[in-house]
Amino acid sequence: MGYDNGKAWRELLRAQADLFARCLKIRRENFRWYASFHNEAHHPHVHIICYSTNPNEGYPTEHGIEQLKSGLAKQIFRQDLLEIYAEQTERRDELVTDSTETMRRLCQQIESVRLENPALVQMLLQLKKRLDNTGGKKVYGHLKPEVKRLVDGIVDELAKEEHLAKLYTLWYEKYFDVLRT
């Protein structure tokens, strides 16, 4: 990945200095850092000390540390992540296609009264009534809590469809690959 020498690490850390300062709640002009590179064949790495010249600022938070790890991982493992993101997008696209087909099939069942999943059909009809009486954006984040619960129930019910459950699992595998990185 190219991070097997001090120069590469120094360039990475210099490029990420703003991220470090922001995540550690240090004003950029007060931010200072030192690092030591260890060239272990199986695990080249650095140890970093960051501090502020102002004793009244700078403190790590759990969220800040996670942002630091994420920012560095996105740089160090960018090639690996590009591959994972591509696979994750492919899984999501398959999920969207199959979900759309499942919804089309359910609509046909409703119209012809051949209900394979009456609970799901009932929830979809409830959702239609609720959305017909909902103004503004019909985006999940803007919905009332009870409508969100109804949407969540529909998604849970759809996830019971065997082929969709498999696609969800494949997508989540890629999602967790990103988190593990």
# chains A, B, ... in the order shown; residues from 1 in each chain; ligands from 1
$ residues_around --residues "range 69-84 of chain A" --least-positions-apart "2" --cutoff "10 Å" --atoms "only C-alpha atoms" --output "count of residues only"
28
$ select_by_dssp --residues "chain A" --states "strand (DSSP E)" --output "ChimeraX atom specification"
/A:31-38,45-52
$ write_last_selection --atoms "C-alpha atoms" --output "compact mmCIF listing (two decimals), in the first residue's frame"
# COMPACT_ATOMS: atom_id res chain seq x y z
CA PHE A 31 -1.95 22.19 16.47
CA ARG A 32 1.42 20.41 16.77
CA TRP A 33 2.37 16.80 16.16
CA TYR A 34 5.33 14.44 16.25
CA ALA A 35 5.49 10.93 14.88
CA SER A 36 7.82 7.97 14.96
CA PHE A 37 7.89 5.45 12.12
CA HIS A 38 8.46 1.75 12.89
CA HIS A 45 3.25 1.83 11.46
CA VAL A 46 3.67 5.17 13.24
CA HIS A 47 3.17 6.42 16.75
CA ILE A 48 1.80 9.95 16.86
CA ILE A 49 1.72 12.58 19.58
CA CYS A 50 -0.65 15.49 18.99
CA TYR A 51 -1.13 18.52 21.21
CA SER A 52 -2.18 22.15 21.30
$ closest_residue --among "A:Glu101, A:Asp132, A:Asp156, A:Glu94" --to "Ala119 in chain A" --atoms "only C-alpha atoms"
A:Asp156
$ residues_around --residues "range 151-153 of chain A" --least-positions-apart "6" --cutoff "10 Å" --atoms "only C-alpha atoms" --output "number ranges by chain"
A: 119-120, 123-124, 126-127, 140, 143, 145, 159
$ write_last_selection --atoms "N, CA, C and O atoms" --output "short mmCIF file (atom, residue, chain, number, x, y, z; two decimals), in the first residue's frame"
data_model
loop_
_atom_site.label_atom_id
_atom_site.label_comp_id
_atom_site.auth_asym_id
_atom_site.auth_seq_id
_atom_site.Cartn_x
_atom_site.Cartn_y
_atom_site.Cartn_z
N ALA A 119 -50.37 -9.84 5.28
CA ALA A 119 -49.90 -8.85 6.26
C ALA A 119 -49.15 -7.72 5.56
O ALA A 119 -49.36 -6.53 5.87
N LEU A 120 -48.31 -8.06 4.62
CA LEU A 120 -47.55 -7.05 3.88
C LEU A 120 -48.50 -6.19 3.04
O LEU A 120 -48.36 -4.97 3.00
N MET A 123 -50.21 -3.71 5.27
CA MET A 123 -49.31 -2.60 5.65
C MET A 123 -49.11 -1.63 4.49
O MET A 123 -49.06 -0.42 4.69
N LEU A 124 -48.99 -2.15 3.27
CA LEU A 124 -48.81 -1.28 2.11
C LEU A 124 -50.04 -0.41 1.88
O LEU A 124 -49.93 0.78 1.56
N GLN A 126 -52.14 0.54 4.24
CA GLN A 126 -52.11 1.55 5.32
C GLN A 126 -51.13 2.67 4.97
O GLN A 126 -51.43 3.85 5.17
N LEU A 127 -49.97 2.29 4.46
CA LEU A 127 -48.97 3.29 4.10
C LEU A 127 -49.51 4.21 3.00
O LEU A 127 -49.32 5.43 3.06
N TYR A 140 -38.28 9.39 3.99
CA TYR A 140 -38.29 8.72 5.29
C TYR A 140 -37.95 9.68 6.43
O TYR A 140 -38.65 9.73 7.43
N LEU A 143 -40.86 11.91 7.61
CA LEU A 143 -42.13 11.29 7.98
C LEU A 143 -42.34 11.35 9.49
O LEU A 143 -41.39 11.40 10.27
N PRO A 145 -43.24 9.79 13.18
CA PRO A 145 -42.74 8.54 13.78
C PRO A 145 -43.62 7.32 13.51
O PRO A 145 -43.11 6.24 13.23
N ALA A 159 -38.03 -8.20 4.02
CA ALA A 159 -36.77 -8.91 4.28
C ALA A 159 -37.01 -10.40 4.53
O ALA A 159 -36.07 -11.19 4.44
#
$ closest_atom_pairs --of "range 53-102 of chain A" --to "range 162-172 of chain A" --cutoff "8 Å" --atoms "only C-alpha atoms" --output "tab-separated table"
residue	atom	partner	partner_atom	distance
A:Gln88	CA	A:Trp171	CA	5.6
A:Arg91	CA	A:Trp171	CA	5.2
A:Arg92	CA	A:Trp171	CA	6.2
A:Glu94	CA	A:Leu167	CA	7.2
A:Leu95	CA	A:Leu167	CA	5.7
A:Asp98	CA	A:Leu164	CA	6.9
A:Ser99	CA	A:Leu164	CA	6.9
$ closest_residue --among "A:His42, A:Arg22, A:Arg28, A:His142" --to "Pro60 in chain A" --atoms "only C-alpha atoms"
A:Arg22
$ select_by_dssp --residues "range 118-179 of chain A" --states "alpha helix (DSSP H)" --output "short mmCIF file (atom, residue, chain, number, x, y, z; two decimals) with C-alpha atoms, in the first residue's frame"
data_model
loop_
_atom_site.label_atom_id
_atom_site.label_comp_id
_atom_site.auth_asym_id
_atom_site.auth_seq_id
_atom_site.Cartn_x
_atom_site.Cartn_y
_atom_site.Cartn_z
CA PRO A 118 -51.72 -10.55 3.37
CA ALA A 119 -49.90 -8.85 6.26
CA LEU A 120 -47.55 -7.05 3.88
CA VAL A 121 -50.41 -6.09 1.58
CA GLN A 122 -52.33 -4.66 4.54
CA MET A 123 -49.31 -2.60 5.65
CA LEU A 124 -48.81 -1.28 2.11
CA LEU A 125 -52.44 -0.20 1.93
CA GLN A 126 -52.11 1.55 5.32
CA LEU A 127 -48.97 3.29 4.10
CA LYS A 128 -50.75 4.46 0.94
CA LYS A 129 -53.56 5.96 3.01
CA ARG A 130 -51.08 7.68 5.34
CA LEU A 131 -49.00 9.08 2.48
CA ASP A 132 -52.11 10.31 0.66
CA PRO A 145 -42.74 8.54 13.78
CA GLU A 146 -45.82 6.33 13.33
CA VAL A 147 -45.41 6.38 9.54
CA LYS A 148 -41.72 5.54 9.93
CA ARG A 149 -42.69 2.55 12.10
CA LEU A 150 -45.06 1.42 9.36
CA VAL A 151 -42.31 1.74 6.73
CA ASP A 152 -39.92 -0.16 9.02
CA GLY A 153 -42.51 -2.91 9.38
CA ILE A 154 -42.87 -3.15 5.60
CA VAL A 155 -39.09 -3.39 5.18
CA ASP A 156 -38.95 -6.08 7.87
CA GLU A 157 -41.71 -8.01 6.13
CA LEU A 158 -40.00 -7.65 2.74
CA ALA A 159 -36.77 -8.91 4.28
CA GLU A 162 -36.05 -15.42 0.74
CA HIS A 163 -34.34 -13.88 -2.30
CA LEU A 164 -34.37 -10.40 -0.76
CA ALA A 165 -33.00 -11.73 2.53
CA LYS A 166 -30.04 -13.21 0.65
CA LEU A 167 -29.38 -9.89 -1.09
CA TYR A 168 -29.58 -7.98 2.22
CA THR A 169 -27.04 -10.40 3.67
CA LEU A 170 -24.66 -9.91 0.75
CA TRP A 171 -24.97 -6.12 0.99
CA TYR A 172 -24.38 -6.16 4.76
CA GLU A 173 -21.26 -8.30 4.31
CA LYS A 174 -19.75 -5.52 2.19
CA TYR A 175 -20.99 -2.86 4.62
CA PHE A 176 -19.21 -4.60 7.49
CA ASP A 177 -16.07 -5.03 5.36
CA VAL A 178 -15.94 -1.23 5.19
CA LEU A 179 -16.47 -0.90 8.95
#
$ closest_residue --among "A:Glu40, A:Ile26, A:Asp4, A:Gly135" --to "Thr53 in chain A" --atoms "only C-alpha atoms"
A:Ile26
$ atom_distance --atom1 "CA of Leu24 in chain A" --atom2 "CA of Gly58 in chain A"
5.4 Å
